[in-house]
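Source file structure08.tsv; content: TSV, C-alpha atoms and all ligand atoms.
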chain	number	residue	atom	x	y	z
A	1	MET	CA	134.76	94.85	-11.33
A	2	SER	CA	133.39	91.43	-10.45
A	3	PHE	CA	131.23	90.42	-7.51
A	4	PRO	CA	129.96	87.12	-6.20
A	5	ASN	CA	126.40	87.54	-7.49
A	6	GLN	CA	124.61	85.90	-4.60
A	7	ASN	CA	126.06	88.17	-1.94
A	8	PRO	CA	123.59	90.58	-0.38
A	9	VAL	CA	123.24	94.25	-1.13
A	10	GLY	CA	123.97	96.48	1.87
A	11	ILE	CA	121.71	99.41	2.71
A	12	PHE	CA	122.27	101.82	5.59
A	13	ASP	CA	120.56	104.75	7.23
A	14	SER	CA	120.62	106.36	10.66
A	15	GLY	CA	117.41	104.52	11.58
A	16	VAL	CA	114.19	103.27	9.98
A	17	GLY	CA	114.16	105.83	7.12
A	18	GLY	CA	116.21	103.72	4.73
A	19	LEU	CA	113.46	101.11	4.86
A	20	THR	CA	111.68	103.27	2.27
A	21	VAL	CA	114.60	102.46	-0.05
A	22	PHE	CA	114.70	98.83	1.14
A	23	ALA	CA	111.00	98.43	0.18
A	24	GLU	CA	111.58	99.77	-3.36
A	25	VAL	CA	114.69	97.61	-3.81
A	26	LYS	CA	112.72	94.51	-2.79
A	27	LYS	CA	109.94	95.44	-5.26
A	28	LEU	CA	112.28	96.05	-8.17
A	29	LEU	CA	114.89	93.40	-7.40
A	30	PRO	CA	113.04	90.65	-5.50
A	31	ASP	CA	115.83	88.11	-6.02
A	32	GLU	CA	118.43	90.23	-4.26
A	33	SER	CA	118.90	89.67	-0.57
A	34	VAL	CA	119.48	92.80	1.49
A	35	PHE	CA	121.40	93.41	4.69
A	36	TYR	CA	119.95	96.57	6.22
A	37	LEU	CA	121.86	98.54	8.82
A	38	GLY	CA	120.09	101.15	10.96
A	39	ASP	CA	122.52	103.15	13.07
A	40	THR	CA	119.84	103.61	15.71
A	41	ALA	CA	122.28	104.36	18.53
A	42	ARG	CA	123.28	107.54	16.70
A	43	VAL	CA	120.04	108.69	15.05
A	44	PRO	CA	119.44	111.50	14.09
A	45	TYR	CA	122.30	112.24	11.71
A	46	GLY	CA	120.59	115.34	10.37
A	47	SER	CA	121.76	117.76	13.02
A	48	LYS	CA	125.33	116.45	13.25
A	49	SER	CA	128.43	117.90	11.64
A	50	VAL	CA	129.91	116.71	8.36
A	51	ASP	CA	132.97	115.22	10.11
A	52	VAL	CA	130.83	113.16	12.46
A	53	ILE	CA	128.56	111.93	9.66
A	54	ARG	CA	131.62	110.90	7.65
A	55	ARG	CA	132.96	108.93	10.61
A	56	TYR	CA	129.63	107.16	11.14
A	57	SER	CA	129.22	106.46	7.42
A	58	LEU	CA	132.70	104.96	7.19
A	59	ALA	CA	131.92	102.68	10.15
A	60	ASN	CA	128.64	101.64	8.50
A	61	VAL	CA	130.27	100.73	5.18
A	62	ASN	CA	133.04	98.89	7.03
A	63	LEU	CA	130.50	96.85	8.93
A	64	LEU	CA	128.50	95.99	5.80
A	65	MET	CA	131.76	95.01	4.05
A	66	THR	CA	132.60	92.58	6.84
A	67	LEU	CA	129.13	91.07	6.34
A	68	GLY	CA	130.07	90.40	2.71
A	69	VAL	CA	127.87	92.79	0.73
A	70	LYS	CA	128.46	93.24	-3.00
A	71	ALA	CA	127.31	96.89	-3.18
A	72	VAL	CA	126.17	99.55	-0.73
A	73	VAL	CA	123.27	101.99	-0.90
A	74	VAL	CA	123.66	105.01	1.35
A	75	ALA	CA	119.90	105.23	1.99
A	76	CYS	CA	120.26	108.48	3.87
A	77	ASN	CA	120.21	111.91	2.25
A	78	THR	CA	122.24	113.41	5.08
A	79	ALA	CA	125.04	110.85	4.66
A	80	SER	CA	124.77	111.12	0.85
A	81	ALA	CA	125.18	114.89	1.07
A	82	ALA	CA	127.97	114.86	3.66
A	83	ALA	CA	129.87	111.63	3.13
A	84	LEU	CA	129.20	109.88	-0.20
A	85	SER	CA	132.34	110.91	-2.09
A	86	PHE	CA	134.34	110.42	1.11
A	87	VAL	CA	133.29	106.78	1.57
A	88	GLN	CA	133.56	106.13	-2.18
A	89	SER	CA	137.18	107.28	-2.06
A	90	ARG	CA	137.88	104.96	0.89
A	91	PHE	CA	136.39	101.90	-0.86
A	92	PRO	CA	137.41	102.28	-4.51
A	93	ASN	CA	136.56	98.65	-5.32
A	94	LEU	CA	133.05	98.71	-3.92
A	95	GLU	CA	130.02	100.16	-5.72
A	96	ILE	CA	128.49	102.71	-3.33
A	97	ILE	CA	125.51	104.75	-4.42
A	98	GLY	CA	123.70	107.61	-2.72
A	99	VAL	CA	120.10	108.80	-2.84
A	100	ILE	CA	120.42	112.38	-4.08
A	101	GLU	CA	121.70	111.91	-7.62
A	102	PRO	CA	119.00	109.45	-8.78
A	103	VAL	CA	116.07	111.78	-8.03
A	104	THR	CA	117.80	114.97	-9.22
A	105	GLU	CA	118.66	113.22	-12.51
A	106	TYR	CA	115.00	112.28	-12.86
A	107	LEU	CA	113.87	115.86	-12.17
A	108	LEU	CA	116.08	117.08	-15.00
A	109	THR	CA	113.88	115.03	-17.35
A	110	ARG	CA	110.74	116.91	-16.22
A	111	PRO	CA	111.04	120.42	-17.71
A	112	GLU	CA	107.39	121.24	-16.90
A	113	LEU	CA	108.22	121.18	-13.17
A	114	LYS	CA	109.71	124.62	-12.58
A	115	LYS	CA	109.02	125.51	-8.99
A	116	ILE	CA	110.54	122.87	-6.76
A	117	GLY	CA	110.54	122.59	-2.98
A	118	ILE	CA	113.14	120.46	-1.20
A	119	ILE	CA	112.70	119.31	2.38
A	120	GLY	CA	115.35	117.48	4.36
A	121	THR	CA	117.43	117.53	7.50
A	122	ASN	CA	119.45	120.54	8.64
A	123	THR	CA	122.68	119.08	7.27
A	124	THR	CA	121.18	118.10	3.90
A	125	VAL	CA	119.56	121.50	3.37
A	126	ALA	CA	122.66	123.39	4.54
A	127	SER	CA	124.89	121.33	2.22
A	128	GLY	CA	123.03	122.72	-0.81
A	129	ALA	CA	123.43	119.30	-2.46
A	130	TYR	CA	119.95	119.27	-4.00
A	131	GLN	CA	119.89	122.96	-4.85
A	132	ASN	CA	123.29	122.75	-6.59
A	133	ALA	CA	122.54	119.52	-8.47
A	134	LEU	CA	119.35	121.04	-9.88
A	135	MET	CA	120.36	124.65	-10.51
A	136	LYS	CA	123.66	123.68	-12.16
A	137	LYS	CA	121.79	121.96	-14.98
A	138	ARG	CA	118.56	124.00	-15.16
A	139	ASN	CA	118.67	127.74	-14.71
A	140	ASP	CA	114.91	128.06	-15.30
A	141	LEU	CA	114.18	126.46	-11.92
A	142	THR	CA	113.11	128.12	-8.71
A	143	VAL	CA	114.25	125.93	-5.84
A	144	SER	CA	113.35	126.55	-2.22
A	145	ALA	CA	114.58	124.37	0.62
A	146	LYS	CA	113.42	123.88	4.18
A	147	SER	CA	114.74	121.69	6.95
A	148	CYS	CA	112.18	119.80	9.01
A	149	PRO	CA	114.18	118.30	11.89
A	150	LEU	CA	111.21	117.08	13.94
A	151	PHE	CA	110.00	114.77	11.16
A	152	VAL	CA	112.72	112.18	11.89
A	153	PRO	CA	111.92	111.61	15.59
A	154	LEU	CA	108.21	111.46	14.76
A	155	VAL	CA	108.82	108.74	12.18
A	156	GLU	CA	111.26	106.83	14.41
A	157	GLU	CA	108.46	106.70	17.00
A	158	GLY	CA	105.97	105.42	14.42
A	159	PHE	CA	103.96	108.66	14.17
A	160	PHE	CA	102.98	108.70	10.49
A	161	LYS	CA	99.67	110.56	10.82
A	162	GLY	CA	97.39	112.33	13.30
A	163	GLU	CA	97.09	115.68	14.96
A	164	ILE	CA	100.68	116.08	16.14
A	165	VAL	CA	102.02	115.17	12.70
A	166	GLU	CA	99.63	117.65	11.03
A	167	LYS	CA	100.68	120.47	13.38
A	168	VAL	CA	104.38	119.86	12.75
A	169	ILE	CA	103.80	119.71	8.98
A	170	ASP	CA	101.94	123.03	9.14
A	171	MET	CA	104.73	124.61	11.17
A	172	TYR	CA	107.39	123.66	8.62
A	173	LEU	CA	105.53	123.73	5.32
A	174	GLY	CA	103.08	126.63	5.64
A	175	GLU	CA	105.27	128.95	3.59
A	176	MET	CA	105.81	126.37	0.83
A	177	LYS	CA	102.07	125.75	0.71
A	178	ARG	CA	101.46	129.44	0.03
A	179	SER	CA	104.14	129.56	-2.67
A	180	SER	CA	102.29	127.19	-5.08
A	181	LEU	CA	105.02	124.70	-5.87
A	182	ASP	CA	104.93	122.33	-8.85
A	183	ALA	CA	106.71	119.56	-6.95
A	184	LEU	CA	108.08	118.77	-3.52
A	185	VAL	CA	111.07	116.48	-3.06
A	186	LEU	CA	111.16	114.46	0.15
A	187	GLY	CA	114.91	114.82	0.62
A	188	CYS	CA	115.13	112.57	3.65
A	189	THR	CA	114.45	108.85	3.50
A	190	HIS	CA	112.32	109.04	6.65
A	191	TYR	CA	109.84	111.45	5.06
A	192	PRO	CA	108.03	109.07	2.67
A	193	MET	CA	106.50	107.54	5.80
A	194	LEU	CA	104.72	110.92	6.16
A	195	ARG	CA	103.89	111.09	2.45
A	196	LYS	CA	100.13	110.78	2.82
A	197	ALA	CA	99.99	113.42	5.55
A	198	ILE	CA	102.20	115.78	3.51
A	199	SER	CA	100.25	115.18	0.31
A	200	ASP	CA	96.94	115.80	2.12
A	201	TYR	CA	98.37	119.03	3.55
A	202	PHE	CA	98.97	120.26	-0.01
A	203	GLY	CA	95.46	119.15	-0.96
A	204	GLY	CA	96.89	116.46	-3.26
A	205	LYS	CA	97.70	119.25	-5.72
A	206	ILE	CA	101.46	119.01	-6.10
A	207	GLU	CA	103.69	116.20	-7.24
A	208	ILE	CA	105.55	114.60	-4.35
A	209	LEU	CA	108.78	112.85	-5.22
A	210	ASP	CA	111.01	110.77	-3.06
A	211	THR	CA	114.35	109.19	-3.63
A	212	ALA	CA	113.53	105.53	-2.97
A	213	PHE	CA	112.23	104.39	-6.37
A	214	TYR	CA	114.92	106.22	-8.38
A	215	THR	CA	117.63	104.88	-6.08
A	216	ALA	CA	116.37	101.31	-6.53
A	217	LYS	CA	116.49	101.83	-10.31
A	218	LYS	CA	120.02	103.14	-10.04
A	219	LEU	CA	121.03	100.10	-7.98
A	220	ALA	CA	119.54	97.83	-10.68
A	221	GLU	CA	121.64	99.66	-13.32
A	222	VAL	CA	124.81	99.42	-11.25
A	223	LEU	CA	124.35	95.69	-10.60
A	224	ALA	CA	123.62	95.09	-14.30
A	225	ARG	CA	126.66	97.11	-15.40
A	226	ASN	CA	128.84	94.95	-13.13
A	227	SER	CA	127.05	91.73	-14.14
A	228	ALA	CA	126.42	91.36	-10.42
A	229	GLU	CA	122.67	90.63	-10.37
A	230	ASN	CA	121.57	87.57	-8.49
A	231	ARG	CA	119.96	85.45	-11.14
A	232	SER	CA	118.99	82.57	-8.91
A	233	SER	CA	116.54	83.43	-6.16
A	234	ALA	CA	116.72	79.89	-4.82
A	235	CYS	CA	120.25	80.54	-3.60
A	236	SER	CA	119.81	84.01	-2.16
A	237	GLU	CA	120.10	84.49	1.59
A	238	SER	CA	117.16	85.91	3.47
A	239	ASP	CA	117.14	89.61	4.32
A	240	ARG	CA	118.62	90.65	7.64
A	241	PHE	CA	118.35	93.82	9.69
A	242	PHE	CA	121.16	95.09	11.89
A	243	VAL	CA	120.80	97.90	14.43
A	244	THR	CA	123.28	99.58	16.72
A	245	ASP	CA	120.76	99.99	19.57
A	246	SER	CA	118.04	97.74	20.91
A	247	PRO	CA	116.21	95.83	18.13
A	248	ASP	CA	112.79	96.21	19.78
A	249	SER	CA	111.78	99.76	18.89
A	250	PHE	CA	113.28	99.37	15.39
A	251	ARG	CA	111.20	96.22	14.89
A	252	VAL	CA	107.97	97.92	15.96
A	253	THR	CA	108.32	100.87	13.57
A	254	ALA	CA	109.72	98.71	10.77
A	255	GLU	CA	106.75	96.34	10.98
A	256	LEU	CA	104.34	99.28	11.01
A	257	PHE	CA	105.88	100.64	7.81
A	258	LEU	CA	106.55	97.36	5.98
A	259	GLY	CA	103.17	95.93	6.99
A	260	HIS	CA	104.56	92.53	7.92
A	261	LYS	CA	106.46	90.85	10.73
A	262	ILE	CA	110.25	90.80	10.77
A	263	ASP	CA	112.04	88.50	13.14
A	264	ASN	CA	115.62	88.71	11.96
A	265	VAL	CA	116.77	91.94	13.63
A	266	PHE	CA	120.22	91.73	15.19
A	267	HIS	CA	122.09	94.08	17.49
A	268	VAL	CA	125.62	94.95	16.31
A	301	LIG	N1	116.98	109.32	6.82
A	301	LIG	C1	118.08	110.19	6.84
A	301	LIG	C2	118.11	111.14	5.69
A	301	LIG	O1	117.69	110.76	4.64
A	301	LIG	C3	118.63	110.64	8.14
A	301	LIG	C4	117.75	111.40	9.04
A	301	LIG	C5	118.45	111.70	10.35
A	301	LIG	O2	119.02	110.78	10.93
A	301	LIG	O3	118.43	112.86	10.75
A	301	LIG	O4	118.59	112.25	5.79
How does the structure come out when it is put into structure tokens?
Amino acid sequence: MSFPNQNPVGIFDSGVGGLTVFAEVKKLLPDESVFYLGDTARVPYGSKSVDVIRRYSLANVNLLMTLGVKAVVVACNTASAAALSFVQSRFPNLEIIGVIEPVTEYLLTRPELKKIGIIGTNTTVASGAYQNALMKKRNDLTVSAKSCPLFVPLVEEGFFKGEIVEKVIDMYLGEMKRSSLDALVLGCTHYPMLRKAISDYFGGKIEILDTAFYTAKKLAEVLARNSAENRSSACSESDRFFVTDSPDSFRVTAELFLGHKIDNVFHV
């Protein structure tokens, strides 16, 4: 497969969550330009049915294709669980990667971690995608999973810490805290924005993993395998952000998370 190397990489999520993947991609692959799509008119995806998530995901990949991306990262666990193979089958000539496989592959290299907690949206947890990927290859694992649907609206509103966040964390994660896990996987790309609050809740005692870094590494491998890396930063376009609802609230939360101003947010 060959790609014009200077084309941007496309990343999509239901809202701001995929920015956790965007940030890791920019760290690891600073010469790549990224077109980020947040489907903010339809967030949250996590309580919607598989059919609906497939329809939205298809529309997102279509849109990114028309913007000329050379590869797509489905920076949403819910869409990765419900729609990844579906969109891959619809775009056989486009590299499309999800966020679940990279972190589960990494976990398989850590045999000392035996008691794993997975948290994600209703649809991700119900799909069993994490549980199956891990248990299929390691039968010595104990995997427990819990959906935490209120985390996404909190993050979308820029609530990353504070009393309300702590109460909601306690409501969802009390049982996992008592079960002395070795590691907790943040199986939703919004959740790393709550990482500090979650880690503090566990007293800093368990390993907290998220998908963003491993997904960025996987993207680097995929671009290298296709000889599609942008080798000349001077020619790369600047990053752009596209949202399906008003850019204003996206911009506010995005700037809070990224820690710098963004002015190129467009409504699509
Ligand atoms: N950030 C997404 C995920 O990783 C979607 C959350 C949602 O829209 O419910 O699952």
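By chain and then residue number, the residues within 8 Å of Thr142 of chain A are Lys114, Lys115 and Ile116 of chain A, counting all atoms listed in the file and disregarding those fewer than 5 positions away in sequence.
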Query raised in the report: Do you know which residues are within 9 Å of ligand LIG 301 (chain A) using only C-alpha atoms and all ligand atoms? Can you write them as a PyMOL selection string?
Result: chain A and resi 13-18+39-40+42-48+74-81+99+120-124+149-153+186-191
Query raised in the report: Quick one: residues within 9 Å of segment 85-91 of chain A, all atoms listed in the file counted, chain neighbours fewer than 3 positions away excluded, as a PyMOL selection string?
Result: chain A and resi 54+57-58+61+80-82+94-97
Report task. Name the residues within 10 Å of (106.2, 119.8, -2.9), counting only C-alpha atoms in the file's coordinates, and put them as a list in words. Result ->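 Residues lying no farther than 10 Å from the given point: Lys115, Ile116, Gly117, Ile118, Ile119, Ser144, Leu173, Met176, Lys177, Ser179, Ser180, Leu181, Asp182, Ala183, Leu184, Val185, Leu186, Ile198, Ser199, Phe202, Gly204, Lys205, Ile206, Glu207, Ile208 and Leu209 of chain A.
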**Report entry** Nearest to Arg138 of chain A by atom-to-atom distance, counting all atoms listed in the file, from A:Ala126, A:Gly162, A:Lys167, A:Leu107
**Finding:**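 Under the stated criterion, the closest residue is A:Leu107.
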Query raised in the report: atom CA of Asn226 of chain A to atom CA of Pro4 of chain A: how many Å, to one decimal?
Result: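 Atom-to-atom, atom CA of Asn226 of chain A to atom CA of Pro4 of chain A, that is 10.5 Å.
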Please list as a PDB file with C-alpha atoms, in the frame of the given file every residue within 8 Å of Leu154 of chain A, counting all atoms listed in the file and excluding residues in the same chain fewer than 5 positions away.
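Writing done, so here's part_11.pdb:
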ATOM      1  CA  PHE A 159     103.960 108.660  14.170  1.00  0.00           C
ATOM      2  CA  PHE A 160     102.980 108.700  10.490  1.00  0.00           C
ATOM      3  CA  VAL A 165     102.020 115.170  12.700  1.00  0.00           C
TER       4      VAL A 165
END
Report task. For Asp239 of chain A, please output as a VMD selection string all residues within 8 Å (counting all atoms listed in the file; exclusion window: fewer than 6 positions along the same chain). Result -> chain A and resid 33 to 36 264
Query - Selection: 12 Å around Glu101 of chain A, only C-alpha atoms, excl. self and same-chain fewer than 4 positions, as a ChimeraX atom specification - result: /A:74-75,77,80-81,84,97,105-108,129-134,187,210-212,214-219
